[in-house]
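Structure file model-v5.cif; described as mmCIF, C-alpha atoms and all ligand atoms.
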data_upload
#
loop_
_atom_site.label_atom_id
_atom_site.label_comp_id
_atom_site.auth_asym_id
_atom_site.auth_seq_id
_atom_site.Cartn_x
_atom_site.Cartn_y
_atom_site.Cartn_z
CA MET J 1 193.95 -136.93 -63.26
CA GLU J 2 195.91 -139.37 -61.14
CA LYS J 3 195.48 -138.85 -57.46
CA ALA J 4 198.47 -138.65 -55.13
CA ARG J 5 198.46 -141.14 -52.26
CA ILE J 6 198.65 -139.50 -48.85
CA THR J 7 200.17 -141.33 -45.89
CA VAL J 8 197.93 -141.04 -42.83
CA PHE J 9 200.02 -141.01 -39.66
CA ASP J 10 197.84 -141.34 -36.59
CA THR J 11 199.20 -140.03 -33.31
CA THR J 12 196.12 -140.55 -31.13
CA LEU J 13 198.11 -142.91 -28.91
CA ARG J 14 201.04 -140.53 -28.49
CA ASP J 15 200.19 -136.83 -28.94
CA GLY J 16 196.49 -137.50 -28.36
CA GLU J 17 197.15 -139.43 -25.21
CA GLN J 18 199.10 -136.43 -23.85
CA SER J 19 195.91 -134.37 -23.66
CA PRO J 20 194.31 -133.91 -20.25
CA GLY J 21 191.95 -136.74 -19.34
CA CYS J 22 192.95 -138.86 -22.33
CA SER J 23 195.57 -141.15 -20.83
CA MET J 24 195.07 -144.83 -21.62
CA ASN J 25 196.45 -148.05 -20.23
CA VAL J 26 198.03 -150.75 -22.37
CA GLN J 27 194.80 -152.69 -22.94
CA GLU J 28 192.95 -149.54 -23.94
CA LYS J 29 195.72 -148.52 -26.32
CA LEU J 30 195.53 -151.96 -27.90
CA ARG J 31 191.80 -151.60 -28.51
CA VAL J 32 192.34 -148.21 -30.14
CA ALA J 33 195.26 -149.54 -32.21
CA ARG J 34 193.12 -152.40 -33.55
CA GLN J 35 190.43 -149.94 -34.56
CA LEU J 36 193.05 -147.71 -36.23
CA ASP J 37 194.11 -150.79 -38.18
CA ARG J 38 190.50 -151.39 -39.29
CA LEU J 39 190.27 -147.71 -40.17
CA GLY J 40 193.19 -148.18 -42.54
CA VAL J 41 195.72 -145.65 -41.25
CA ASP J 42 199.25 -146.15 -42.63
CA VAL J 43 201.26 -145.35 -39.50
CA ILE J 44 200.34 -145.67 -35.83
CA GLU J 45 202.50 -143.67 -33.46
CA ALA J 46 202.06 -145.91 -30.45
CA GLY J 47 203.93 -143.93 -27.82
CA PHE J 48 207.09 -142.34 -26.47
CA PRO J 49 208.93 -145.33 -24.95
CA ILE J 50 211.45 -143.42 -22.81
CA SER J 51 208.71 -141.39 -21.12
CA SER J 52 207.41 -144.22 -18.93
CA ASP J 53 207.35 -147.99 -18.53
CA GLY J 54 203.66 -147.89 -19.44
CA ASP J 55 204.41 -146.18 -22.73
CA PHE J 56 207.19 -148.65 -23.45
CA ALA J 57 204.85 -151.58 -22.76
CA ALA J 58 202.13 -150.05 -24.92
CA VAL J 59 204.44 -149.63 -27.92
CA GLN J 60 205.64 -153.20 -27.46
CA ALA J 61 202.10 -154.56 -27.21
CA VAL J 62 200.83 -152.62 -30.23
CA ALA J 63 203.88 -153.66 -32.27
CA ALA J 64 203.21 -157.31 -31.43
CA ALA J 65 199.47 -157.24 -32.08
CA VAL J 66 198.97 -154.91 -35.04
CA ARG J 67 200.91 -156.08 -38.08
CA ARG J 68 199.69 -154.19 -41.14
CA PRO J 69 200.46 -150.52 -40.39
CA ILE J 70 203.90 -149.14 -39.61
CA ILE J 71 204.31 -148.73 -35.84
CA ALA J 72 206.22 -145.59 -34.88
CA ALA J 73 207.85 -144.70 -31.58
CA LEU J 74 208.91 -141.22 -30.57
CA ALA J 75 212.40 -140.34 -29.33
CA ARG J 76 214.24 -137.16 -28.46
CA ALA J 77 217.48 -136.65 -30.36
CA CYS J 78 219.62 -138.58 -27.90
CA SER J 79 220.96 -142.11 -27.74
CA GLN J 80 218.98 -143.32 -24.66
CA ASP J 81 215.67 -142.34 -26.22
CA ILE J 82 216.52 -143.88 -29.57
CA GLU J 83 217.75 -147.08 -27.92
CA ARG J 84 214.53 -147.35 -25.89
CA ALA J 85 212.43 -146.81 -29.03
CA ARG J 86 214.41 -149.50 -30.82
CA GLN J 87 213.78 -151.98 -28.00
CA ALA J 88 210.07 -151.22 -27.84
CA LEU J 89 209.73 -151.69 -31.60
CA LYS J 90 211.68 -154.97 -31.75
CA GLY J 91 208.65 -157.16 -32.38
CA ALA J 92 207.05 -154.91 -35.00
CA ALA J 93 206.39 -156.20 -38.50
CA ARG J 94 207.06 -152.68 -39.81
CA ARG J 95 208.72 -150.05 -37.61
CA ARG J 96 209.66 -146.40 -37.63
CA ILE J 97 211.75 -144.35 -35.22
CA HIS J 98 210.53 -140.78 -34.98
CA VAL J 99 213.26 -138.43 -33.75
CA PHE J 100 212.57 -134.83 -32.82
CA LEU J 101 214.64 -131.82 -31.85
CA ALA J 102 213.54 -128.21 -31.48
CA THR J 103 215.02 -125.77 -33.98
CA SER J 104 213.47 -122.38 -33.14
CA ASP J 105 215.77 -119.89 -31.41
CA ILE J 106 213.36 -119.53 -28.52
CA HIS J 107 213.50 -123.30 -27.85
CA LEU J 108 217.26 -123.52 -28.41
CA GLN J 109 217.96 -120.64 -26.10
CA TYR J 110 215.52 -121.22 -23.25
CA LYS J 111 214.67 -124.90 -23.33
CA LEU J 112 217.68 -126.72 -24.72
CA ARG J 113 220.36 -124.06 -24.06
CA ILE J 114 222.31 -125.05 -27.14
CA SER J 115 223.55 -123.11 -30.17
CA ARG J 116 222.28 -123.56 -33.72
CA ASP J 117 225.49 -125.40 -34.62
CA GLN J 118 225.03 -127.80 -31.72
CA CYS J 119 221.43 -128.34 -32.77
CA LEU J 120 222.49 -129.17 -36.32
CA GLU J 121 225.08 -131.66 -35.14
CA GLN J 122 222.76 -133.29 -32.62
CA ALA J 123 220.01 -133.73 -35.20
CA ARG J 124 222.40 -135.29 -37.71
CA ASP J 125 223.92 -137.67 -35.13
CA ALA J 126 220.55 -138.73 -33.79
CA VAL J 127 219.19 -139.57 -37.25
CA ARG J 128 222.36 -141.52 -38.08
CA LEU J 129 221.97 -143.56 -34.91
CA ALA J 130 218.28 -144.23 -35.56
CA LYS J 131 219.11 -145.18 -39.13
CA SER J 132 221.59 -147.77 -37.87
CA PHE J 133 218.65 -149.52 -36.15
CA CYS J 134 215.88 -148.98 -38.63
CA ASP J 135 215.52 -148.00 -42.30
CA ASP J 136 212.43 -145.95 -41.72
CA VAL J 137 213.40 -142.79 -39.82
CA GLU J 138 211.29 -139.68 -39.38
CA PHE J 139 212.71 -136.39 -38.18
CA SER J 140 210.72 -133.49 -36.73
CA PRO J 141 212.20 -130.04 -36.16
CA GLU J 142 210.03 -129.06 -33.20
CA ASP J 143 208.51 -125.57 -33.40
CA ALA J 144 209.35 -125.47 -37.12
CA THR J 145 206.90 -122.66 -37.85
CA ARG J 146 208.76 -120.30 -35.50
CA THR J 147 212.18 -121.35 -36.78
CA ASP J 148 214.25 -119.16 -39.09
CA PRO J 149 213.42 -120.75 -42.49
CA ALA J 150 217.07 -120.67 -43.61
CA PHE J 151 218.18 -122.58 -40.50
CA LEU J 152 215.22 -124.95 -40.80
CA CYS J 153 216.27 -125.85 -44.35
CA GLN J 154 219.86 -126.35 -43.20
CA VAL J 155 218.76 -128.84 -40.50
CA LEU J 156 216.45 -130.68 -42.91
CA GLU J 157 219.24 -131.00 -45.46
CA ALA J 158 221.54 -132.45 -42.80
CA VAL J 159 219.02 -135.07 -41.64
CA VAL J 160 218.12 -136.14 -45.18
CA GLU J 161 221.81 -136.62 -45.75
CA ALA J 162 221.97 -138.69 -42.56
CA GLY J 163 219.18 -140.95 -43.80
CA ALA J 164 215.82 -139.52 -42.66
CA THR J 165 213.07 -140.78 -44.95
CA THR J 166 210.27 -138.57 -43.64
CA LEU J 167 210.64 -134.89 -42.76
CA ASN J 168 207.80 -133.85 -40.52
CA ILE J 169 207.11 -130.12 -40.21
CA PRO J 170 205.26 -129.46 -36.96
CA ASP J 171 203.32 -126.33 -36.19
CA THR J 172 203.96 -127.25 -32.57
CA VAL J 173 202.26 -124.22 -31.03
CA GLY J 174 199.42 -123.86 -33.56
CA TYR J 175 200.71 -120.48 -34.69
CA SER J 176 200.72 -120.71 -38.47
CA MET J 177 198.16 -119.47 -41.00
CA PRO J 178 197.17 -121.66 -43.98
CA GLU J 179 198.80 -119.61 -46.78
CA GLU J 180 201.90 -119.09 -44.68
CA PHE J 181 202.19 -122.77 -43.87
CA GLY J 182 201.73 -123.71 -47.53
CA GLU J 183 204.50 -121.27 -48.45
CA LEU J 184 206.81 -122.81 -45.85
CA ILE J 185 206.29 -126.26 -47.39
CA GLN J 186 207.03 -124.83 -50.83
CA THR J 187 210.18 -123.15 -49.55
CA ILE J 188 211.36 -126.45 -48.08
CA ARG J 189 210.71 -128.24 -51.37
CA GLN J 190 212.67 -125.62 -53.28
CA ARG J 191 215.60 -125.09 -50.95
CA VAL J 192 216.43 -128.40 -49.28
CA ARG J 193 218.88 -130.43 -51.34
CA GLY J 194 217.93 -134.11 -51.51
CA ILE J 195 214.33 -133.39 -50.50
CA GLU J 196 213.08 -135.68 -53.28
CA ARG J 197 214.46 -138.63 -51.31
CA ALA J 198 212.14 -137.92 -48.38
CA THR J 199 208.42 -137.57 -47.78
CA ILE J 200 207.28 -134.23 -46.41
CA SER J 201 204.89 -134.59 -43.50
CA VAL J 202 202.96 -132.04 -41.46
CA HIS J 203 201.79 -132.04 -37.86
CA CYS J 204 199.45 -129.18 -37.00
CA HIS J 205 198.04 -128.06 -33.68
CA ASN J 206 194.69 -126.41 -33.32
CA ASP J 207 195.35 -123.46 -31.02
CA LEU J 208 193.76 -121.06 -33.51
CA GLY J 209 191.33 -123.64 -34.90
CA LEU J 210 193.40 -123.91 -38.08
CA ALA J 211 195.01 -127.35 -37.76
CA VAL J 212 192.97 -128.96 -40.54
CA ALA J 213 193.13 -125.86 -42.78
CA ASN J 214 196.91 -125.75 -42.36
CA THR J 215 197.19 -129.45 -43.11
CA LEU J 216 195.19 -129.11 -46.32
CA ALA J 217 197.26 -126.07 -47.37
CA ALA J 218 200.38 -128.15 -46.85
CA LEU J 219 199.03 -130.96 -49.03
CA ALA J 220 198.35 -128.48 -51.81
CA ALA J 221 201.97 -127.31 -51.44
CA GLY J 222 203.37 -130.83 -51.77
CA ALA J 223 203.26 -132.51 -48.35
CA ARG J 224 202.40 -136.20 -48.65
CA GLN J 225 201.99 -137.33 -45.06
CA VAL J 226 199.50 -135.94 -42.54
CA GLU J 227 199.79 -136.41 -38.80
CA CYS J 228 196.47 -136.33 -37.03
CA THR J 229 194.33 -137.83 -34.28
CA ILE J 230 190.86 -139.28 -33.83
CA ASN J 231 188.46 -136.62 -32.51
CA GLY J 232 191.34 -134.12 -32.89
CA ILE J 233 192.61 -134.89 -29.38
CA GLY J 234 196.11 -133.78 -28.45
CA GLU J 235 198.17 -131.25 -26.55
CA ARG J 236 196.23 -128.10 -25.55
CA ALA J 237 193.63 -127.39 -28.27
CA GLY J 238 194.50 -130.67 -29.93
CA ASN J 239 195.87 -131.94 -33.22
CA ALA J 240 194.41 -131.85 -36.70
CA SER J 241 191.40 -134.13 -36.70
CA LEU J 242 191.83 -137.25 -38.84
CA GLU J 243 188.15 -137.50 -39.75
CA GLU J 244 188.00 -133.90 -40.97
CA ILE J 245 191.11 -134.20 -43.16
CA VAL J 246 189.98 -137.48 -44.68
CA MET J 247 186.44 -136.31 -45.40
CA ALA J 248 187.61 -132.97 -46.83
CA MET J 249 189.53 -134.98 -49.44
CA ARG J 250 186.65 -137.39 -49.95
CA VAL J 251 183.98 -134.71 -50.35
CA ARG J 252 186.10 -132.27 -52.40
CA PRO J 253 188.30 -134.30 -54.76
CA ASP J 254 187.98 -131.41 -57.21
CA ARG J 255 190.13 -129.30 -54.86
CA TYR J 256 192.06 -132.01 -53.02
CA ALA J 257 192.72 -134.81 -55.47
CA TYR J 258 194.35 -137.17 -52.99
CA LEU J 259 193.81 -140.74 -51.96
CA THR J 260 194.15 -142.27 -48.51
CA GLY J 261 193.82 -145.84 -47.37
CA VAL J 262 191.20 -144.85 -44.81
CA ALA J 263 187.89 -146.75 -44.77
CA SER J 264 185.67 -143.80 -43.93
CA GLU J 265 182.82 -145.97 -42.57
CA GLN J 266 185.15 -146.75 -39.67
CA LEU J 267 185.48 -143.09 -38.65
CA TYR J 268 182.44 -142.91 -36.40
CA PRO J 269 183.15 -146.25 -34.69
CA ALA J 270 186.74 -145.06 -34.06
CA SER J 271 185.48 -141.81 -32.58
CA GLN J 272 182.95 -143.60 -30.39
CA LEU J 273 185.51 -146.11 -29.16
CA LEU J 274 187.98 -143.39 -28.20
CA SER J 275 185.31 -141.37 -26.37
CA GLU J 276 184.14 -144.47 -24.55
CA ILE J 277 187.68 -145.40 -23.47
CA THR J 278 188.82 -141.94 -22.39
CA GLY J 279 185.47 -140.72 -21.12
CA VAL J 280 186.08 -137.54 -23.10
CA GLY J 281 183.23 -136.89 -25.50
CA VAL J 282 183.28 -134.65 -28.54
CA GLN J 283 181.38 -131.40 -28.78
CA PRO J 284 177.89 -131.96 -30.27
CA ASN J 285 178.61 -129.73 -33.27
CA LYS J 286 181.98 -131.34 -34.06
CA ALA J 287 182.36 -131.85 -37.80
CA ILE J 288 181.87 -135.40 -39.15
CA ILE J 289 181.42 -137.28 -35.87
CA GLY J 290 179.60 -134.89 -33.49
CA ARG J 291 176.13 -135.82 -32.29
CA ASN J 292 174.58 -133.03 -34.34
CA ALA J 293 176.77 -133.41 -37.44
CA PHE J 294 173.90 -135.02 -39.35
CA ALA J 295 170.98 -133.67 -37.35
CA HIS J 296 168.50 -131.40 -39.07
CA GLU J 297 166.01 -129.46 -37.02
CA ALA J 298 164.82 -126.57 -39.16
CA GLY J 299 161.64 -127.51 -41.05
CA ILE J 300 162.88 -126.54 -44.49
CA HIS J 301 166.04 -128.56 -43.93
CA GLN J 302 164.18 -131.60 -42.67
CA ASP J 303 161.75 -131.50 -45.54
CA GLY J 304 164.62 -131.21 -48.03
CA VAL J 305 166.66 -134.01 -46.47
CA LEU J 306 163.66 -136.32 -46.48
CA LYS J 307 163.04 -135.63 -50.17
CA ASN J 308 166.69 -135.90 -51.12
CA PRO J 309 169.54 -136.00 -48.57
CA LEU J 310 171.81 -134.13 -50.98
CA THR J 311 169.79 -130.96 -50.39
CA TYR J 312 171.50 -130.36 -47.06
CA GLU J 313 174.00 -133.19 -46.64
CA ILE J 314 177.34 -133.01 -48.43
CA MET J 315 178.10 -136.58 -47.37
CA THR J 316 175.89 -139.35 -46.09
CA PRO J 317 175.96 -140.35 -42.43
CA GLN J 318 176.53 -143.92 -43.64
CA SER J 319 179.74 -142.89 -45.42
CA VAL J 320 181.35 -142.08 -42.07
CA GLY J 321 179.69 -144.93 -40.21
CA VAL J 322 176.86 -143.01 -38.51
CA PRO J 323 173.88 -145.39 -38.58
CA ASP J 324 171.35 -142.84 -39.84
CA SER J 325 170.50 -139.15 -40.00
CA THR J 326 169.00 -138.00 -36.75
CA LEU J 327 165.97 -135.90 -37.35
CA VAL J 328 165.71 -133.89 -34.17
CA LEU J 329 162.16 -132.86 -33.48
CA GLY J 330 162.02 -129.32 -32.12
CA LYS J 331 159.95 -126.22 -32.58
CA HIS J 332 161.45 -125.62 -35.99
CA SER J 333 160.46 -129.00 -37.30
CA GLY J 334 157.92 -129.38 -40.04
CA ARG J 335 154.89 -131.60 -40.48
CA HIS J 336 156.69 -133.92 -42.86
CA ALA J 337 159.38 -134.82 -40.33
CA LEU J 338 156.80 -135.21 -37.60
CA GLY J 339 154.75 -137.54 -39.79
CA LEU J 340 157.77 -139.69 -40.53
CA ARG J 341 158.70 -139.99 -36.88
CA CYS J 342 155.11 -140.97 -36.07
CA GLN J 343 155.37 -143.67 -38.72
CA GLN J 344 158.62 -144.90 -37.21
CA LEU J 345 156.72 -145.17 -33.94
CA GLY J 346 154.00 -147.18 -35.61
CA HIS J 347 151.37 -144.49 -36.25
CA HIS J 348 150.21 -143.60 -39.71
CA PHE J 349 148.03 -140.51 -39.81
CA GLU J 350 146.13 -138.87 -42.57
CA ARG J 351 146.86 -135.31 -43.37
CA ARG J 352 144.14 -133.71 -41.26
CA GLU J 353 144.87 -135.98 -38.33
CA LEU J 354 148.52 -135.11 -38.58
CA ASP J 355 147.52 -131.45 -38.52
CA GLU J 356 146.04 -131.90 -35.08
CA ILE J 357 149.08 -133.77 -33.82
CA TYR J 358 151.23 -131.05 -35.34
CA ARG J 359 149.23 -128.30 -33.63
CA ARG J 360 149.77 -129.93 -30.23
CA PHE J 361 153.38 -130.68 -31.12
CA VAL J 362 154.17 -127.02 -31.84
CA VAL J 363 152.69 -125.97 -28.49
CA LEU J 364 154.78 -128.61 -26.71
CA ALA J 365 157.96 -127.86 -28.66
CA ASP J 366 157.62 -124.23 -27.72
CA LYS J 367 157.86 -125.24 -24.05
CA ILE J 368 160.63 -127.86 -24.29
CA LYS J 369 163.68 -127.69 -26.50
CA GLN J 370 163.57 -131.14 -28.00
CA VAL J 371 160.61 -133.42 -28.43
CA GLU J 372 161.71 -136.96 -27.67
CA ASP J 373 159.85 -140.02 -28.80
CA HIS J 374 158.22 -140.55 -25.41
CA HIS J 375 156.86 -136.98 -25.52
CA LEU J 376 155.49 -137.62 -28.96
CA LEU J 377 153.85 -140.87 -27.92
CA GLN J 378 152.23 -139.10 -24.98
CA LEU J 379 151.01 -136.38 -27.30
CA ILE J 380 149.50 -138.88 -29.74
CA ARG J 381 147.81 -140.64 -26.88
CA GLU J 382 146.32 -137.40 -25.58
CA SER J 383 145.08 -136.49 -29.03
CA CYS J 384 143.39 -139.84 -29.39
CA VAL J 385 141.93 -139.75 -25.91
CA ALA J 386 140.59 -136.27 -26.54
CA ALA J 387 138.98 -137.55 -29.71
CA LEU J 388 137.53 -140.62 -28.01
CA ARG J 389 136.72 -139.08 -24.63
CA ILE J 390 137.37 -142.38 -22.96
CA PRO J 391 139.95 -143.11 -20.24
CA PRO J 392 143.27 -144.54 -21.47
CA ALA J 393 142.91 -147.74 -19.41
CA HIS J 394 140.23 -149.01 -21.79
CA VAL J 395 142.55 -149.40 -24.72
CA GLU J 396 145.66 -151.36 -25.55
CA ALA J 397 148.87 -150.53 -27.29
CA PRO J 398 149.76 -151.65 -30.78
CA ALA J 399 152.79 -153.90 -30.33
CA ARG J 400 154.75 -152.11 -32.97
CA ALA J 401 154.49 -148.75 -31.26
CA VAL J 402 155.60 -150.17 -27.95
CA ALA J 403 158.58 -151.86 -29.53
CA ALA J 404 159.56 -148.66 -31.32
CA SER J 405 159.34 -146.61 -28.15
CA ALA J 406 161.42 -149.16 -26.30
CA VAL J 407 164.21 -148.62 -28.79
CA ALA J 408 163.82 -144.90 -29.21
CA GLY J 409 162.95 -143.68 -25.72
CA PRO J 410 165.55 -141.64 -23.83
CA ASN J 411 165.68 -144.11 -20.95
CA GLY J 412 165.53 -147.16 -23.12
CA GLY J 413 161.77 -146.67 -23.27
CA ARG J 414 161.23 -149.00 -20.34
CA GLU J 415 158.45 -146.90 -18.92
CA TYR J 416 156.48 -147.56 -22.08
CA LEU J 417 157.00 -151.25 -21.91
CA GLN J 418 155.48 -151.19 -18.45
CA LYS J 419 152.71 -148.80 -19.42
CA PRO J 420 151.36 -149.97 -22.77
CA PHE J 421 150.38 -147.31 -25.21
CA PRO J 422 146.64 -146.76 -24.63
CA ILE J 423 145.39 -146.70 -28.19
CA PRO J 424 143.22 -149.34 -29.84
CA PRO J 425 144.94 -151.51 -32.46
CA ALA J 426 145.00 -149.97 -35.91
CA THR J 427 143.02 -152.93 -37.29
CA ASP J 428 140.12 -152.00 -35.07
CA LEU J 429 139.35 -148.37 -34.38
CA GLY J 430 142.85 -147.03 -35.00
CA PRO J 431 143.99 -143.58 -33.98
CA ALA J 432 143.68 -142.42 -37.55
CA SER J 433 139.96 -143.10 -37.79
CA LEU J 434 139.34 -141.88 -34.25
CA LEU J 435 140.94 -138.58 -34.93
CA ARG J 436 139.39 -138.05 -38.30
CA ASN J 437 136.40 -135.99 -37.26
CA SER J 438 138.03 -134.03 -34.51
CA MET J 439 140.28 -131.97 -36.72
CA ALA J 440 138.78 -128.62 -37.34
CA GLU J 441 141.95 -126.69 -38.01
CA HIS J 442 143.97 -127.24 -41.11
CA HIS J 443 147.40 -125.72 -41.18
CA CYS J 444 148.71 -124.30 -44.37
CA GLU J 445 151.51 -126.32 -45.99
CA GLN J 446 153.47 -123.11 -46.26
CA GLU J 447 153.78 -123.00 -42.49
CA ASP J 448 156.39 -125.76 -42.60
CA TYR J 449 158.76 -123.53 -44.44
CA LEU J 450 158.53 -120.43 -42.30
CA TRP J 451 160.61 -122.08 -39.60
CA GLY J 452 163.51 -122.76 -41.89
CA VAL J 453 164.20 -119.21 -42.98
ZN ZN H 501 202.07 -132.38 -31.40
#

Starting from the file, lay out its structure as structure tokens.
Amino acid sequence: MEKARITVFDTTLRDGEQSPGCSMNVQEKLRVARQLDRLGVDVIEAGFPISSDGDFAAVQAVAAAVRRPIIAALARACSQDIERARQALKGAARRRIHVFLATSDIHLQYKLRISRDQCLEQARDAVRLAKSFCDDVEFSPEDATRTDPAFLCQVLEAVVEAGATTLNIPDTVGYSMPEEFGELIQTIRQRVRGIERATISVHCHNDLGLAVANTLAALAAGARQVECTINGIGERAGNASLEEIVMAMRVRPDRYAYLTGVASEQLYPASQLLSEITGVGVQPNKAIIGRNAFAHEAGIHQDGVLKNPLTYEIMTPQSVGVPDSTLVLGKHSGRHALGLRCQQLGHHFERRELDEIYRRFVVLADKIKQVEDHHLLQLIRESCVAALRIPPAHVEAPARAVAASAVAGPNGGREYLQKPFPIPPATDLGPASLLRNSMAEHHCEQEDYLWGV
């Protein structure tokens, strides 16, 4: 089956930047825009030029520097806004003017204080004006999901007639439910004359945590452009998260047979860059790019992932640009994961030796939530010292273990560089041989799996 190509419209620099704590200066916006280009998005909404001189300058700078994607600028449905957008986009290789006007009665009555007829006329005139400057014109009926569907279709028909090439349906207040939103897209496809001349787009907010679900429902109903942001930032609870939409399509092509131009390995770098610039991190359990998204703590999960990542991972960390799975060592971790981490720290133990380390590890993990590498190194040292009954000062660290701890330690491992690991080199009397006779207890293999239930 041939896959439909979906246009990815990123609004991190416009809607995303409107979220508290996420404002960016021109240089910062440029850095994000360059990463969005590497990521392969089709459209970058770079700002709202009339809103401030800073926004104007940012749109201008992005338009000048980033040449592959279409650069969009937002404008209310009035001539000053559209003129300002046109000026800001002058230097763009590919440009789009994005005009919006609210269409719901509640917005018309209380915010704009205009009638439906006035709204219709204003939308049509604004799109005509934008079209006179630029072939690529997008129109958004703000608060579309709370607009009378008959009136919504009337406005959409008028703007298509006036030359709009993309009709964006925003769930501005994050009110819609997935089936309902899908039905609205279907209604628009059926009722709006000339709809085949335009691309249907959606722009979902996450007030009920349904932005991505609504976006996917809209794709199934025929939408072909998605508006989204990195890390899901945006007004209030945010926008639909770009990484979640893209990976839903990538992981489930059987349900969502769509293509995007996004290079998924650039998702994590994009997320990290945005967090670094704004100082706003993502929640640890955030899908795709959260710190714990690929972390496995339960013993049965760790054991499975080590044997074959597909047991508990529906996508690889590498596919979204995360360097590697993070095996978090905690009280639910099994012997297998512990053994691997010891190896990564330069210590290879035999089974019975590992049992002793594991016994001490479980006691420690019961006291502290997460066992970091420096804890583990300390624990190995104590085990070896107990076996040797000699003071730590008499022995030297294997270079490999010190190097590993320097990389892996929570504070850069510096304390371990200054205090070498007091274990004899493995070539001599290594920890493995020293521990060999001290292990009385042997833990049943089955124990690893009890934690994972
Ligand atoms: Zn929005």

Looking at all atoms listed in the file, which of J:Leu74, J:Leu156, J:Val363, J:Leu112 is the one that sits closest to ligand ZN 501 (chain H)?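 For ligand ZN 501 (chain H), the nearest of the given residues is J:Leu74.
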
Can you tell me which residues surround Asn231 of chain J at a distance of at most 8 Å, considering all atoms listed in the file, apart from same-chain residues fewer than 3 positions away, and format the answer as number ranges by chain? J: 241-243, 271, 282, 289

Find the distance between atom CA of Lys367 of chain J and atom CA of Ala295 of chain J and write it in Å to one decimal. 20.5 Å

Using only C-alpha atoms and all ligand atoms, which residue out of J:Pro309, J:Pro20, J:Gly234, J:Gly222 lies closest to ligand ZN 501 (chain H)?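 For ligand ZN 501 (chain H), the nearest of the given residues is J:Gly234.
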
If you count all atoms listed in the file, which residues end up within 9 Å of ligand ZN 501 (chain H), as a list in words?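 Residues satisfying the distance criterion: Thr11, Arg14, Asp15, Gly16, Glu142, Pro170, Asp171, Thr172, Val173, His203, Cys204, His205, Glu227, Cys228, Gly234, Glu235, Gly238 and Asn239 of chain J.
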
Of the listed residues J:Ala217, J:Ala198, J:Val212, J:Leu354, that which approaches Leu184 of chain J most closely, counting only C-alpha atoms: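 When distances to Leu184 of chain J are compared using only C-alpha atoms, the smallest one comes from J:Ala217.
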
I want to know what sits within 7 Å of Lys331 of chain J, based on all atoms listed in the file, with residues of the same chain fewer than 4 positions away left out; could you give that as a ChimeraX atom specification? /J:362,365-366

Could you save those same residues with C-alpha atoms as a compact mmCIF listing (two decimals), keeping the file's coordinate frame?
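Printed below is selection.txt as written:
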# COMPACT_ATOMS: atom_id res chain seq x y z
CA VAL J 362 154.17 -127.02 -31.84
CA ALA J 365 157.96 -127.86 -28.66
CA ASP J 366 157.62 -124.23 -27.72

Mind pulling up the distance from atom CA of Glu157 of chain J to atom CA of Leu13 of chain J?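 Taking atom CA of Leu13 of chain J as the start and atom CA of Glu157 of chain J as the end point, the length is 29.4 Å.
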
Counting all atoms listed in the file, figure out which residue out of J:Pro69, J:Gly182, J:Gly232, J:Gly321 gets nearest to Glu244 of chain J.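 The shortest atom-to-atom distance to Glu244 of chain J comes from J:Gly232.
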
One number please: atom CA of Asp254 of chain J to atom CA of Leu267 of chain J, in Å, one decimal.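 We find that atom CA of Asp254 of chain J and atom CA of Leu267 of chain J lie 22.1 Å from each other.
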
Here is a test: counting all atoms listed in the file, which residue of J:Val59, J:Leu39, J:Ile300, J:Phe48 is nearest to Val320 of chain J? J:Leu39

List every protein, DNA or RNA residue that has at least one atom no more than 12 Å from (192.7, -141.1, -21.2) in the file's coordinates, counting all atoms listed in the file, and write the result as a short mmCIF file (atom, residue, chain, number, x, y, z; two decimals) with C-alpha atoms, in the frame of the given file.
data_model
loop_
_atom_site.label_atom_id
_atom_site.label_comp_id
_atom_site.auth_asym_id
_atom_site.auth_seq_id
_atom_site.Cartn_x
_atom_site.Cartn_y
_atom_site.Cartn_z
CA THR J 12 196.12 -140.55 -31.13
CA LEU J 13 198.11 -142.91 -28.91
CA ARG J 14 201.04 -140.53 -28.49
CA ASP J 15 200.19 -136.83 -28.94
CA GLY J 16 196.49 -137.50 -28.36
CA GLU J 17 197.15 -139.43 -25.21
CA GLN J 18 199.10 -136.43 -23.85
CA SER J 19 195.91 -134.37 -23.66
CA PRO J 20 194.31 -133.91 -20.25
CA GLY J 21 191.95 -136.74 -19.34
CA CYS J 22 192.95 -138.86 -22.33
CA SER J 23 195.57 -141.15 -20.83
CA MET J 24 195.07 -144.83 -21.62
CA ASN J 25 196.45 -148.05 -20.23
CA VAL J 26 198.03 -150.75 -22.37
CA GLN J 27 194.80 -152.69 -22.94
CA GLU J 28 192.95 -149.54 -23.94
CA LYS J 29 195.72 -148.52 -26.32
CA VAL J 32 192.34 -148.21 -30.14
CA ILE J 233 192.61 -134.89 -29.38
CA GLY J 234 196.11 -133.78 -28.45
CA LEU J 273 185.51 -146.11 -29.16
CA LEU J 274 187.98 -143.39 -28.20
CA SER J 275 185.31 -141.37 -26.37
CA GLU J 276 184.14 -144.47 -24.55
CA ILE J 277 187.68 -145.40 -23.47
CA THR J 278 188.82 -141.94 -22.39
CA GLY J 279 185.47 -140.72 -21.12
CA VAL J 280 186.08 -137.54 -23.10
CA GLY J 281 183.23 -136.89 -25.50
#

Best match for closeness to Arg128 of chain J among J:Asp303, J:Glu265, J:Asp148, J:Glu161, counting only C-alpha atoms: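 Distance minimum relative to Arg128 of chain J lands on J:Glu161.
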
Distance query Ser79 of chain J at most 8 Å, all atoms listed in the file, self and fewer than 3 positions along chain excluded, as an mmCIF file with C-alpha atoms, in the frame of the given file:
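Saved the output as out-v7.cif:
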data_model
loop_
_atom_site.group_PDB
_atom_site.id
_atom_site.type_symbol
_atom_site.label_atom_id
_atom_site.label_comp_id
_atom_site.auth_asym_id
_atom_site.auth_seq_id
_atom_site.Cartn_x
_atom_site.Cartn_y
_atom_site.Cartn_z
ATOM 1 C CA ILE J 82 216.520 -143.880 -29.570
ATOM 2 C CA GLU J 83 217.750 -147.080 -27.920
ATOM 3 C CA ALA J 126 220.550 -138.730 -33.790
ATOM 4 C CA LEU J 129 221.970 -143.560 -34.910
#
